[in-house]
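Listing of run.cif; format and content: mmCIF, C-alpha atoms.
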data_query
#
loop_
_atom_site.label_atom_id
_atom_site.label_comp_id
_atom_site.auth_asym_id
_atom_site.auth_seq_id
_atom_site.Cartn_x
_atom_site.Cartn_y
_atom_site.Cartn_z
CA MET A 1 0.00 0.00 0.00
CA SER A 2 1.34 3.45 -0.86
CA LYS A 3 2.20 6.03 1.78
CA ILE A 4 -0.26 8.59 3.15
CA ASP A 5 0.85 12.21 2.76
CA PHE A 6 0.38 13.89 6.14
CA TYR A 7 0.36 17.72 6.34
CA SER A 8 0.99 18.93 9.85
CA HIS A 9 2.61 21.16 12.42
CA LEU A 10 3.03 19.50 15.80
CA ALA A 11 2.30 22.67 17.78
CA SER A 12 -1.29 21.88 16.77
CA GLN A 13 -3.28 19.61 19.06
CA PRO A 14 -5.27 17.80 16.34
CA CYS A 15 -2.07 17.24 14.33
CA ARG A 16 -0.53 15.49 17.32
CA ALA A 17 -3.58 13.24 17.71
CA VAL A 18 -3.25 12.17 14.07
CA GLN A 19 0.54 11.71 14.36
CA ILE A 20 0.19 9.51 17.46
CA PHE A 21 -2.41 7.35 15.69
CA LEU A 22 -0.24 6.99 12.56
CA LYS A 23 2.76 5.92 14.66
CA MET A 24 0.92 3.56 16.99
CA ASN A 25 -0.64 1.77 14.04
CA ASN A 26 2.54 1.73 11.92
CA ILE A 27 0.70 3.42 9.05
CA PRO A 28 3.21 4.25 6.33
CA HIS A 29 3.17 8.00 5.85
CA GLU A 30 5.23 10.90 4.59
CA TYR A 31 5.36 13.89 6.93
CA HIS A 32 5.03 17.31 5.32
CA LEU A 33 5.71 20.18 7.69
CA ILE A 34 3.33 23.08 7.16
CA ASP A 35 5.15 25.99 8.74
CA LEU A 36 2.38 27.78 10.64
CA PRO A 37 4.53 30.69 11.94
CA LYS A 38 5.43 31.40 8.28
CA GLU A 39 1.73 31.14 7.29
CA GLU A 40 2.40 28.24 4.92
CA GLN A 41 -1.14 27.02 5.52
CA THR A 42 -2.41 29.86 3.32
CA SER A 43 0.03 29.18 0.46
CA GLU A 44 -1.47 28.42 -2.96
CA ALA A 45 0.05 24.93 -2.89
CA TYR A 46 -1.47 24.03 0.45
CA LEU A 47 -4.88 25.55 -0.28
CA LYS A 48 -5.16 22.99 -3.10
CA ILE A 49 -4.99 20.30 -0.43
CA ASN A 50 -7.08 22.06 2.22
CA PRO A 51 -9.03 25.05 0.89
CA PHE A 52 -9.75 26.09 4.48
CA GLY A 53 -6.04 26.60 5.13
CA LYS A 54 -5.89 24.48 8.29
CA VAL A 55 -3.82 21.59 9.55
CA PRO A 56 -3.93 18.62 9.66
CA ALA A 57 -4.82 17.22 6.27
CA ILE A 58 -3.97 13.97 4.54
CA LYS A 59 -3.68 12.93 0.92
CA ASP A 60 -4.18 9.31 -0.05
CA GLY A 61 -3.33 9.07 -3.73
CA ASP A 62 -5.53 11.72 -5.36
CA PHE A 63 -7.92 12.01 -2.48
CA CYS A 64 -7.63 14.54 0.38
CA VAL A 65 -9.27 14.39 3.79
CA ILE A 66 -9.50 17.40 6.07
CA GLU A 67 -10.79 17.69 9.66
CA SER A 68 -8.65 15.64 12.04
CA MET A 69 -11.50 13.47 13.32
CA ALA A 70 -12.66 12.59 9.80
CA ILE A 71 -9.00 11.73 9.06
CA LEU A 72 -8.79 9.23 11.93
CA GLN A 73 -12.20 7.74 11.15
CA TYR A 74 -10.96 7.23 7.57
CA LEU A 75 -7.57 5.77 8.54
CA ALA A 76 -9.14 3.37 11.07
CA ALA A 77 -11.38 2.00 8.30
CA LYS A 78 -8.79 1.97 5.53
CA PHE A 79 -6.05 0.30 7.56
CA SER A 80 -8.37 -1.99 9.56
CA THR A 81 -6.75 -0.85 12.78
CA PRO A 82 -7.58 -2.80 15.99
CA ASP A 83 -11.26 -2.44 16.78
CA HIS A 84 -10.82 -0.48 20.03
CA TRP A 85 -9.60 2.60 18.13
CA TYR A 86 -13.02 3.11 16.52
CA PRO A 87 -15.29 0.16 17.35
CA LYS A 88 -17.47 -1.37 14.66
CA ASP A 89 -20.32 -2.19 17.05
CA ALA A 90 -23.06 0.43 16.49
CA ALA A 91 -23.61 1.33 20.16
CA ALA A 92 -19.90 1.36 21.08
CA ARG A 93 -19.10 3.47 18.02
CA ALA A 94 -21.97 5.82 18.82
CA LYS A 95 -20.53 6.55 22.26
CA ILE A 96 -17.14 7.41 20.73
CA ASN A 97 -18.87 9.59 18.11
CA GLU A 98 -20.78 11.27 20.92
CA TYR A 99 -17.52 12.34 22.57
CA LEU A 100 -15.90 13.37 19.27
CA ASN A 101 -18.78 15.70 18.44
CA TRP A 102 -19.09 17.04 21.97
CA HIS A 103 -15.33 17.71 22.07
CA HIS A 104 -15.46 20.57 19.52
CA SER A 105 -17.60 22.98 21.55
CA ASN A 106 -16.46 21.80 24.95
CA THR A 107 -12.96 20.39 25.56
CA ARG A 108 -11.44 22.07 22.50
CA GLU A 109 -13.27 25.36 22.80
CA GLY A 110 -12.31 25.65 26.48
CA ALA A 111 -8.69 24.47 26.30
CA THR A 112 -7.85 26.23 23.02
CA GLY A 113 -9.61 29.36 24.24
CA VAL A 114 -7.36 29.45 27.31
CA PHE A 115 -4.15 28.74 25.32
CA PHE A 116 -4.95 31.24 22.58
CA ASN A 117 -5.82 34.06 24.96
CA ALA A 118 -3.12 33.36 27.54
CA VAL A 119 -0.26 32.50 25.17
CA ILE A 120 -0.76 33.23 21.46
CA LEU A 121 -2.37 36.64 21.77
CA PRO A 122 -0.15 38.20 24.47
CA LYS A 123 3.15 36.34 23.97
CA ILE A 124 3.28 35.76 20.21
CA ARG A 125 1.12 38.54 18.80
CA HIS A 126 2.07 40.94 21.59
CA GLN A 127 -1.48 42.11 22.16
CA PRO A 128 -2.93 42.86 25.59
CA ARG A 129 -4.40 39.94 27.52
CA ASN A 130 -8.17 39.69 27.07
CA GLU A 131 -9.14 38.78 30.63
CA GLU A 132 -12.83 38.39 29.78
CA ALA A 133 -12.08 35.87 27.05
CA ILE A 134 -9.71 34.00 29.37
CA THR A 135 -12.32 33.78 32.13
CA THR A 136 -14.97 32.57 29.67
CA ALA A 137 -12.60 29.93 28.28
CA LYS A 138 -11.63 28.76 31.78
CA THR A 139 -15.27 28.39 32.76
CA LYS A 140 -15.88 26.37 29.60
CA LEU A 141 -12.81 24.22 30.28
CA SER A 142 -13.80 23.59 33.88
CA ALA A 143 -17.30 22.49 32.86
CA ALA A 144 -15.83 20.22 30.17
CA LEU A 145 -13.44 18.62 32.66
CA ASP A 146 -16.30 18.02 35.09
CA MET A 147 -18.30 16.30 32.35
CA ILE A 148 -15.32 14.12 31.41
CA GLU A 149 -14.67 13.29 35.09
CA ASN A 150 -18.27 12.49 35.95
CA TYR A 151 -19.78 11.18 32.73
CA PHE A 152 -17.36 10.13 30.00
CA LEU A 153 -15.00 8.37 32.43
CA GLU A 154 -17.69 7.22 34.89
CA GLY A 155 -17.40 3.43 35.02
CA HIS A 156 -14.83 3.44 32.20
CA SER A 157 -11.06 3.39 32.11
CA PHE A 158 -11.09 5.38 28.87
CA ILE A 159 -13.55 7.83 27.33
CA SER A 160 -16.87 5.97 27.04
CA SER A 161 -14.94 2.71 26.71
CA ASN A 162 -12.71 0.22 28.45
CA ASP A 163 -9.97 0.54 25.90
CA ILE A 164 -8.20 3.43 24.21
CA SER A 165 -9.91 4.97 21.19
CA ILE A 166 -9.42 7.99 18.95
CA ALA A 167 -11.55 9.98 21.43
CA ASP A 168 -8.82 9.69 24.06
CA LEU A 169 -6.14 10.99 21.66
CA PHE A 170 -8.07 14.18 20.93
CA ALA A 171 -8.74 14.91 24.58
CA LEU A 172 -5.18 14.14 25.65
CA CYS A 173 -3.63 16.42 23.03
CA GLU A 174 -5.80 19.37 24.12
CA PHE A 175 -4.64 18.82 27.69
CA SER A 176 -0.97 18.51 26.75
CA GLN A 177 -1.24 21.98 25.19
CA ILE A 178 -2.45 23.69 28.35
CA GLU A 179 0.01 21.69 30.43
CA ARG A 180 2.61 24.04 28.91
CA ILE A 181 1.10 26.85 31.00
CA GLY A 182 1.00 24.73 34.13
CA ILE A 183 -2.64 23.64 33.95
CA ASP A 184 -2.92 20.16 35.49
CA VAL A 185 -6.27 18.72 34.40
CA GLY A 186 -5.96 15.87 36.89
CA LYS A 187 -5.26 18.06 39.90
CA LYS A 188 -8.74 17.92 41.41
CA ARG A 189 -10.19 15.17 39.24
CA PRO A 190 -8.98 11.66 40.11
CA ASN A 191 -10.68 9.92 37.15
CA ILE A 192 -8.96 12.27 34.72
CA LYS A 193 -5.62 11.92 36.52
CA ALA A 194 -5.71 8.12 36.29
CA TRP A 195 -7.05 8.20 32.71
CA ARG A 196 -4.28 10.51 31.55
CA GLU A 197 -1.59 8.20 32.98
CA ARG A 198 -3.23 5.20 31.33
CA VAL A 199 -3.41 6.83 27.90
CA ILE A 200 0.19 8.05 28.04
CA ALA A 201 1.32 4.55 29.12
CA LYS A 202 -0.47 3.06 26.10
CA ILE A 203 1.11 5.60 23.74
CA GLY A 204 4.56 4.85 25.13
CA SER A 205 7.67 6.48 23.64
CA HIS A 206 5.68 8.11 20.81
CA TYR A 207 4.22 10.55 23.34
CA ASP A 208 7.48 12.38 24.04
CA GLU A 209 8.54 12.31 20.37
CA VAL A 210 5.29 13.88 19.22
CA HIS A 211 5.42 16.56 21.94
CA GLU A 212 8.98 17.73 21.22
CA THR A 213 7.76 20.56 18.98
CA ILE A 214 5.26 22.11 21.39
CA ILE A 215 7.71 21.77 24.28
CA SER A 216 10.55 23.55 22.47
CA PHE A 217 8.11 26.12 21.03
CA THR A 218 6.82 27.05 24.46
CA LYS A 219 10.28 26.98 26.08
CA ARG A 220 11.30 29.83 23.76
CA ILE A 221 8.55 32.04 25.16
CA ASP A 222 8.42 33.47 28.64
CA LEU A 223 5.51 31.47 30.04
CA SER A 224 4.19 31.66 33.54
CA THR A 225 1.73 29.30 35.15
CA GLU A 226 -1.82 30.21 34.33
CA PRO A 227 -4.05 30.00 37.42
CA PHE A 228 -6.80 27.41 37.03
CA GLU A 229 -9.00 25.46 39.39
CA MET B 230 -36.01 -3.73 16.60
CA SER B 231 -37.32 -1.59 19.43
CA LYS B 232 -38.64 1.96 19.04
CA VAL B 233 -36.37 4.93 19.50
CA ASP B 234 -37.26 7.25 22.39
CA PHE B 235 -36.56 10.67 20.91
CA TYR B 236 -36.12 13.78 23.07
CA SER B 237 -36.53 16.94 21.08
CA PHE B 238 -37.69 20.56 20.76
CA PHE B 239 -39.00 22.13 17.56
CA ALA B 240 -36.81 25.22 17.67
CA SER B 241 -33.56 23.24 17.62
CA PRO B 242 -32.09 22.47 14.19
CA PRO B 243 -30.17 19.36 15.29
CA CYS B 244 -33.45 17.99 16.72
CA ARG B 245 -35.30 18.56 13.47
CA ALA B 246 -32.47 16.91 11.50
CA VAL B 247 -32.83 13.72 13.53
CA HIS B 248 -36.62 13.97 13.33
CA ILE B 249 -36.79 14.29 9.56
CA PHE B 250 -34.17 11.55 9.07
CA MET B 251 -36.23 9.12 11.12
CA GLU B 252 -39.39 10.04 9.22
CA ALA B 253 -37.69 9.74 5.83
CA ASN B 254 -36.46 6.27 6.78
CA LYS B 255 -39.61 5.17 8.60
CA ILE B 256 -37.66 4.53 11.79
CA PRO B 257 -40.18 3.90 14.57
CA PHE B 258 -39.90 6.48 17.33
CA GLU B 259 -41.73 7.99 20.25
CA TYR B 260 -41.49 11.79 20.44
CA HIS B 261 -40.83 13.29 23.88
CA ASN B 262 -41.03 17.06 24.02
CA VAL B 263 -38.33 18.79 26.06
CA ASP B 264 -39.52 22.38 26.41
CA LEU B 265 -36.39 24.53 26.34
CA VAL B 266 -38.40 27.68 27.07
CA LYS B 267 -39.53 26.09 30.34
CA ASP B 268 -35.96 24.88 31.01
CA GLU B 269 -37.08 21.24 30.97
CA GLN B 270 -33.63 20.19 29.77
CA HIS B 271 -32.38 20.87 33.31
CA SER B 272 -35.07 18.80 35.03
CA GLU B 273 -33.88 15.88 37.15
CA ALA B 274 -35.71 13.45 34.92
CA TYR B 275 -34.07 14.72 31.74
CA LEU B 276 -30.59 14.97 33.24
CA LYS B 277 -30.81 11.22 33.90
CA ILE B 278 -31.25 10.71 30.15
CA ASN B 279 -28.79 13.36 29.01
CA PRO B 280 -26.46 14.83 31.66
CA HIS B 281 -25.37 17.43 29.07
CA ALA B 282 -28.85 18.98 29.37
CA LYS B 283 -29.13 19.37 25.62
CA VAL B 284 -31.42 18.21 22.87
CA PRO B 285 -31.62 16.05 20.85
CA ALA B 286 -31.08 12.80 22.70
CA ILE B 287 -32.26 9.27 22.04
CA VAL B 288 -32.66 6.19 24.15
CA HIS B 289 -32.58 2.94 22.22
CA ASP B 290 -31.97 -0.66 23.20
CA GLY B 291 -31.11 0.38 26.72
CA PHE B 292 -28.56 3.08 25.99
CA ALA B 293 -28.76 6.85 25.81
CA LEU B 294 -27.05 8.97 23.16
CA SER B 295 -26.67 12.70 22.58
CA GLU B 296 -25.05 14.79 19.79
CA SER B 297 -27.10 14.88 16.58
CA ASN B 298 -24.21 13.80 14.33
CA ALA B 299 -23.60 10.71 16.50
CA ILE B 300 -27.35 9.99 16.59
CA LEU B 301 -27.68 10.22 12.79
CA GLN B 302 -24.65 7.96 12.29
CA TYR B 303 -26.00 5.44 14.80
CA LEU B 304 -29.48 5.34 13.28
CA ALA B 305 -28.08 4.91 9.76
CA GLN B 306 -25.98 1.97 10.92
CA LYS B 307 -28.45 0.34 13.30
CA PHE B 308 -31.50 0.61 11.05
CA LYS B 309 -29.52 -0.27 7.91
CA THR B 310 -30.76 2.74 5.97
CA GLU B 311 -29.89 3.05 2.27
CA ASP B 312 -26.15 3.37 1.75
CA HIS B 313 -26.18 6.96 0.42
CA TRP B 314 -27.31 8.31 3.82
CA TYR B 315 -23.95 7.34 5.36
CA PRO B 316 -21.89 5.47 2.75
CA SER B 317 -19.99 2.35 3.69
CA ASP B 318 -17.26 3.17 1.17
CA SER B 319 -14.50 4.73 3.27
CA ILE B 320 -13.72 7.54 0.79
CA LYS B 321 -17.37 8.58 0.41
CA ARG B 322 -17.86 8.29 4.15
CA ALA B 323 -14.81 10.45 4.88
CA LYS B 324 -16.31 13.26 2.79
CA VAL B 325 -19.52 13.12 4.83
CA ASP B 326 -17.58 12.97 8.12
CA GLU B 327 -15.52 15.94 6.98
CA TYR B 328 -18.63 18.11 6.76
CA LEU B 329 -20.15 16.78 10.00
CA HIS B 330 -17.06 17.84 11.96
CA TRP B 331 -16.51 21.09 10.06
CA ARG B 332 -19.98 22.32 10.89
CA HIS B 333 -19.17 22.50 14.62
CA SER B 334 -16.85 25.47 14.07
CA ASN B 335 -19.05 26.95 11.36
CA ASN B 336 -22.50 27.06 12.87
CA THR B 337 -24.85 29.55 11.24
CA SER B 338 -28.05 28.94 13.20
CA VAL B 339 -26.63 30.79 16.20
CA LEU B 340 -27.82 34.04 14.54
CA PHE B 341 -31.33 32.92 15.48
CA PHE B 342 -30.42 33.31 19.13
CA TRP B 343 -29.16 36.88 18.68
CA VAL B 344 -32.06 38.04 16.53
CA ILE B 345 -34.98 36.25 18.17
CA ILE B 346 -34.21 34.60 21.51
CA ALA B 347 -32.13 37.32 23.14
CA PRO B 348 -34.04 40.48 22.05
CA ILE B 349 -37.58 39.17 21.56
CA VAL B 350 -37.99 36.21 23.91
CA ARG B 351 -35.60 37.33 26.65
CA LYS B 352 -36.25 41.02 26.00
CA GLN B 353 -32.57 42.00 26.06
CA PRO B 354 -31.29 44.87 23.89
CA ARG B 355 -30.22 43.81 20.36
CA ASN B 356 -26.45 43.34 20.24
CA GLU B 357 -25.73 44.79 16.80
CA GLU B 358 -22.01 44.08 17.03
CA ILE B 359 -22.46 40.37 17.57
CA ILE B 360 -25.23 40.22 14.95
CA LYS B 361 -22.90 41.81 12.40
CA GLU B 362 -20.15 39.32 13.31
CA LYS B 363 -22.48 36.35 13.00
CA LYS B 364 -23.76 37.57 9.62
CA ALA B 365 -20.19 37.86 8.33
CA LYS B 366 -19.58 34.28 9.42
CA ILE B 367 -22.76 33.14 7.65
CA THR B 368 -21.59 34.80 4.42
CA GLU B 369 -18.31 32.92 4.75
CA VAL B 370 -20.07 29.59 5.36
CA LEU B 371 -22.47 30.03 2.44
CA ASN B 372 -19.53 30.91 0.18
CA HIS B 373 -17.76 27.72 1.30
CA PHE B 374 -20.90 25.79 0.41
CA GLU B 375 -21.15 27.44 -2.99
CA ASN B 376 -17.46 27.04 -3.85
CA TYR B 377 -16.33 23.89 -2.07
CA PHE B 378 -18.95 21.51 -0.68
CA LEU B 379 -21.25 21.85 -3.68
CA LYS B 380 -18.60 22.49 -6.32
CA ASP B 381 -19.01 19.72 -8.90
CA HIS B 382 -21.50 17.93 -6.63
CA LYS B 383 -25.26 17.86 -6.40
CA PHE B 384 -25.10 17.26 -2.65
CA ILE B 385 -22.45 17.92 0.01
CA ASN B 386 -19.26 16.32 -1.37
CA SER B 387 -21.45 13.70 -3.03
CA ASP B 388 -23.83 12.91 -5.84
CA ASP B 389 -26.52 11.65 -3.55
CA ILE B 390 -28.15 12.91 -0.37
CA SER B 391 -26.53 12.02 2.97
CA ILE B 392 -26.92 12.89 6.64
CA ALA B 393 -24.60 15.85 5.96
CA ASP B 394 -27.26 17.42 3.70
CA VAL B 395 -30.02 16.74 6.22
CA SER B 396 -28.05 18.48 8.93
CA ALA B 397 -27.13 21.46 6.76
CA VAL B 398 -30.50 22.14 5.13
CA ILE B 399 -32.21 22.16 8.52
CA GLU B 400 -29.55 24.42 10.05
CA PHE B 401 -29.99 26.92 7.20
CA GLN B 402 -33.76 26.81 7.57
CA GLN B 403 -33.26 28.67 10.83
CA LEU B 404 -31.92 31.56 8.70
CA VAL B 405 -34.82 31.32 6.25
CA TYR B 406 -37.17 32.11 9.13
CA LEU B 407 -35.15 35.28 9.77
CA GLY B 408 -36.05 36.36 6.24
CA ILE B 409 -32.64 35.48 4.79
CA ASP B 410 -32.52 34.06 1.27
CA ILE B 411 -29.50 31.74 1.38
CA GLY B 412 -29.71 30.97 -2.33
CA LYS B 413 -29.59 34.60 -3.46
CA ASN B 414 -26.53 35.01 -5.75
CA ARG B 415 -25.56 31.43 -4.93
CA PRO B 416 -26.98 29.16 -7.61
CA ASN B 417 -25.33 25.97 -6.25
CA VAL B 418 -26.81 26.54 -2.78
CA LYS B 419 -30.25 27.42 -4.21
CA ALA B 420 -30.43 24.29 -6.38
CA TRP B 421 -29.01 22.06 -3.62
CA ARG B 422 -31.59 23.22 -1.10
CA GLU B 423 -34.46 22.49 -3.48
CA ARG B 424 -33.00 19.05 -4.25
CA VAL B 425 -32.59 18.10 -0.58
CA ILE B 426 -36.12 19.19 0.37
CA ALA B 427 -37.51 17.27 -2.63
CA LYS B 428 -35.68 14.12 -1.49
CA LEU B 429 -36.76 14.48 2.14
CA GLY B 430 -40.35 15.09 1.12
CA PRO B 431 -41.73 18.64 1.04
CA SER B 432 -44.77 17.81 3.16
CA SER B 433 -42.62 16.15 5.84
CA PHE B 434 -40.24 19.13 5.72
CA ASP B 435 -43.09 21.60 6.08
CA SER B 436 -44.87 19.76 8.88
CA ILE B 437 -41.67 19.43 10.96
CA HIS B 438 -41.13 23.17 10.55
CA GLN B 439 -44.73 24.15 11.24
CA PRO B 440 -44.24 25.18 14.90
CA LEU B 441 -41.14 27.26 14.07
CA ALA B 442 -42.81 28.84 11.03
CA LYS B 443 -45.80 29.78 13.18
CA MET B 444 -43.61 31.27 15.92
CA THR B 445 -41.51 33.40 13.57
CA GLU B 446 -44.35 34.49 11.26
CA SER B 447 -46.07 36.17 14.15
CA MET B 448 -42.86 38.14 14.82
CA GLY B 449 -42.53 39.44 11.24
CA ILE B 450 -38.73 39.22 11.14
CA LYS B 451 -36.85 40.25 8.02
CA GLU B 452 -33.13 40.58 8.65
CA ASP B 453 -30.87 42.51 6.29
CA PHE B 454 -28.36 40.20 4.69
CA GLU B 455 -26.21 40.11 1.60
#

I'd like the structure from this file rewritten - as structure tokens, please.
Amino acid sequence: MSKIDFYSHLASQPCRAVQIFLKMNNIPHEYHLIDLPKEEQTSEAYLKINPFGKVPAIKDGDFCVIESMAILQYLAAKFSTPDHWYPKDAAARAKINEYLNWHHSNTREGATGVFFNAVILPKIRHQPRNEEAITTAKTKLSAALDMIENYFLEGHSFISSNDISIADLFALCEFSQIERIGIDVGKKRPNIKAWRERVIAKIGSHYDEVHETIISFTKRIDLSTEPFE
Amino acid sequence: MSKVDFYSFFASPPCRAVHIFMEANKIPFEYHNVDLVKDEQHSEAYLKINPHAKVPAIVHDGFALSESNAILQYLAQKFKTEDHWYPSDSIKRAKVDEYLHWRHSNNTSVLFFWVIIAPIVRKQPRNEEIIKEKKAKITEVLNHFENYFLKDHKFINSDDISIADVSAVIEFQQLVYLGIDIGKNRPNVKAWRERVIAKLGPSSFDSIHQPLAKMTESMGIKEDFE
């Protein structure tokens, strides 16, 4: 089978989720760095692959897939990855799909909202901190964490499941982003704390490899711990 | 196969998408009204079904499910609906999934809240700044539809109707009730909308929208939009 072309920048949470999946499943792929700081995502060449100018994207022969979750749903099917990643059973799959869809306006909106307003805006774009936006994002994040703690992980060792799935990768990569500003999602939430350790253990050595970029990126900036309860 | 218990409210586009999909596929269901105006989504009874306190939700074969995309995907699989609704071919399916995820960050129906719910129902002052921002986003989304999702295709990324089209046409209907003509200057969108409604069944489409049509007609809304 020919290689998948993977367009990515590992400072991006969804890119990391896709990269981890590709590595853990030994899916042959060619990595194409899309240099976000240099705005390569809006280049004419890249817009042919993803007209929305976002990462990640993949190209399989002539066919492109955008949206990270659609990418993993596609790869799980195409490469017949072990069932736990995206179960075939209708009810089990539905519960994973439920988390994936909920994630956009909850985990991602909260965590990305905090990171964007506490790091990107003030430290990269040198604009004043928008405290209102930060408070709103933190409230969103806190509510999302409570839902994960009390519902998605209730009675399960992974999100809505007893084995790792693509849902866990998306959640974990949002949390690893805000970890850079000292936010510990497991601090007051024991289910999340234990879940996080489990997922990282399953990912193994790939976890550190995939996080090298975001770690070095954030080390170059003067980052202080962002208060969060 | 047992009936689907369906928890829904007429004003919510994701609810109507699930509703019309079940009707179009003759999926047996029992409709349970969750009155959002009366805050019924926060009642103890409903929170047991859906702790997210949102609609739609279904209960089927002993398990509860929320998130309209997940519900549509489940129903298509479980009730073995015709393949075009959610294709088994992984490439065709990926193009449907692409839209279903994309729509989360590109929601247009939220304008309904700022034009009707906030100022008219909740009697708050109209927030013109947010309304302007939402309208700009809608223009962007409709342009993406015209130039990407419907480019070279009769339906979203496809030559036959899928759950992506059901979701989208119902979401845009929310704008139609604000007096916005989504097909104006957008021939692909105009033709697509007519095609989707024809496939879903115009009388089914109209009857599902009856309560919303009635509510908005009495308000006489006609929003400026380009």

Q: Between atom CA of Lys443 of chain B and atom CA of Ala240 of chain B, measure the distance and give it in Å to one decimal.
A: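 Distance between the two atoms: 11.0 Å.
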
Q.
Report as an MDAnalysis selection string all protein, DNA and RNA residues lying within 9 Å of Glu252 of chain B, evaluated on only C-alpha atoms, omitting residues in the same chain fewer than 6 positions from it.
A. chainID B and resid 258 429 433

Selected residues written out with C-alpha atoms, as a compact mmCIF listing (two decimals), keeping the file's coordinate frame:
# COMPACT_ATOMS: atom_id res chain seq x y z
CA PHE B 258 -39.90 6.48 17.33
CA LEU B 429 -36.76 14.48 2.14
CA SER B 433 -42.62 16.15 5.84

(Q) Distance cut-off 8 Å, counting all atoms listed in the file - which residues of chain B neighbour chain A? Return them as a list in words. (A)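 The selection requested is Pro280, His281, Phe292, Leu294, Ser295, Glu296, Asn298, Ala299, Ile300, Gln302, Tyr303, Gln306, Lys307, Ser319, Ile320, Arg322, Ala323, Lys324, Asp326, Glu327, His330, Trp331, His333, Ser334 and Tyr377 of chain B.
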
Q) How far is it from atom CA of Ala57 of chain A to atom CA of Val185 of chain A, in Å with one decimal? A) 28.2 Å

**Q.** Exercise: Lys380 of chain B partners within 12 Å, all atoms listed in the file, chain neighbours under 3 positions left out, as JSON, numbers by chain
**A.** {"B": [372, 373, 374, 375, 376, 377, 383, 384, 385, 386, 387, 388, 415, 416, 417, 418, 420, 421]}

**Q.** For Ile164 of chain A: contacts at 7 Å, only C-alpha atoms, fewer than 5 positions along chain excluded, given as a list in words
**A.** His84, Trp85, Phe158 and Val199 of chain A

(Q) With all atoms listed in the file as the counted atoms, please give the residues lying no more than 12 Å from Gln19 of chain A, apart from itself and same-chain residues fewer than 6 positions off, as number ranges by chain. (A) A: 4-13, 25-33, 55-58, 68, 71-72, 75, 166, 169-170, 173, 203, 206-211

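In terms of minimum interatomic distance to Glu131 of chain A, A:Glu226 ranks closest within A:Leu36, A:Glu226, A:Ile159, A:Gly186, counting only C-alpha atoms.
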
Q | Closest of B:Trp343, B:Tyr315, B:Phe378, B:Tyr275 to Phe250 of chain B - atom-to-atom distances counting only C-alpha atoms | A | B:Tyr315

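Every protein or nucleic acid residue with an atom no more than 8 Å from segment 353-365 of chain B, counting all atoms listed in the file and leaving out same-chain residues fewer than 5 positions away, appears here: B:Thr337, B:Val339, B:Leu340, B:Trp343, B:Val344, B:Ala347, B:Pro348, B:Phe454.
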
Q: Name every residue that the PyMOL selection byres ((chain B and resi 411) around 10) selects in this structure, writing the answer as a ChimeraX atom specification with chains first and numbers rising.
A: /B:367-368,371,401-402,404-405,408-410,412-416,418-419,422,454-455
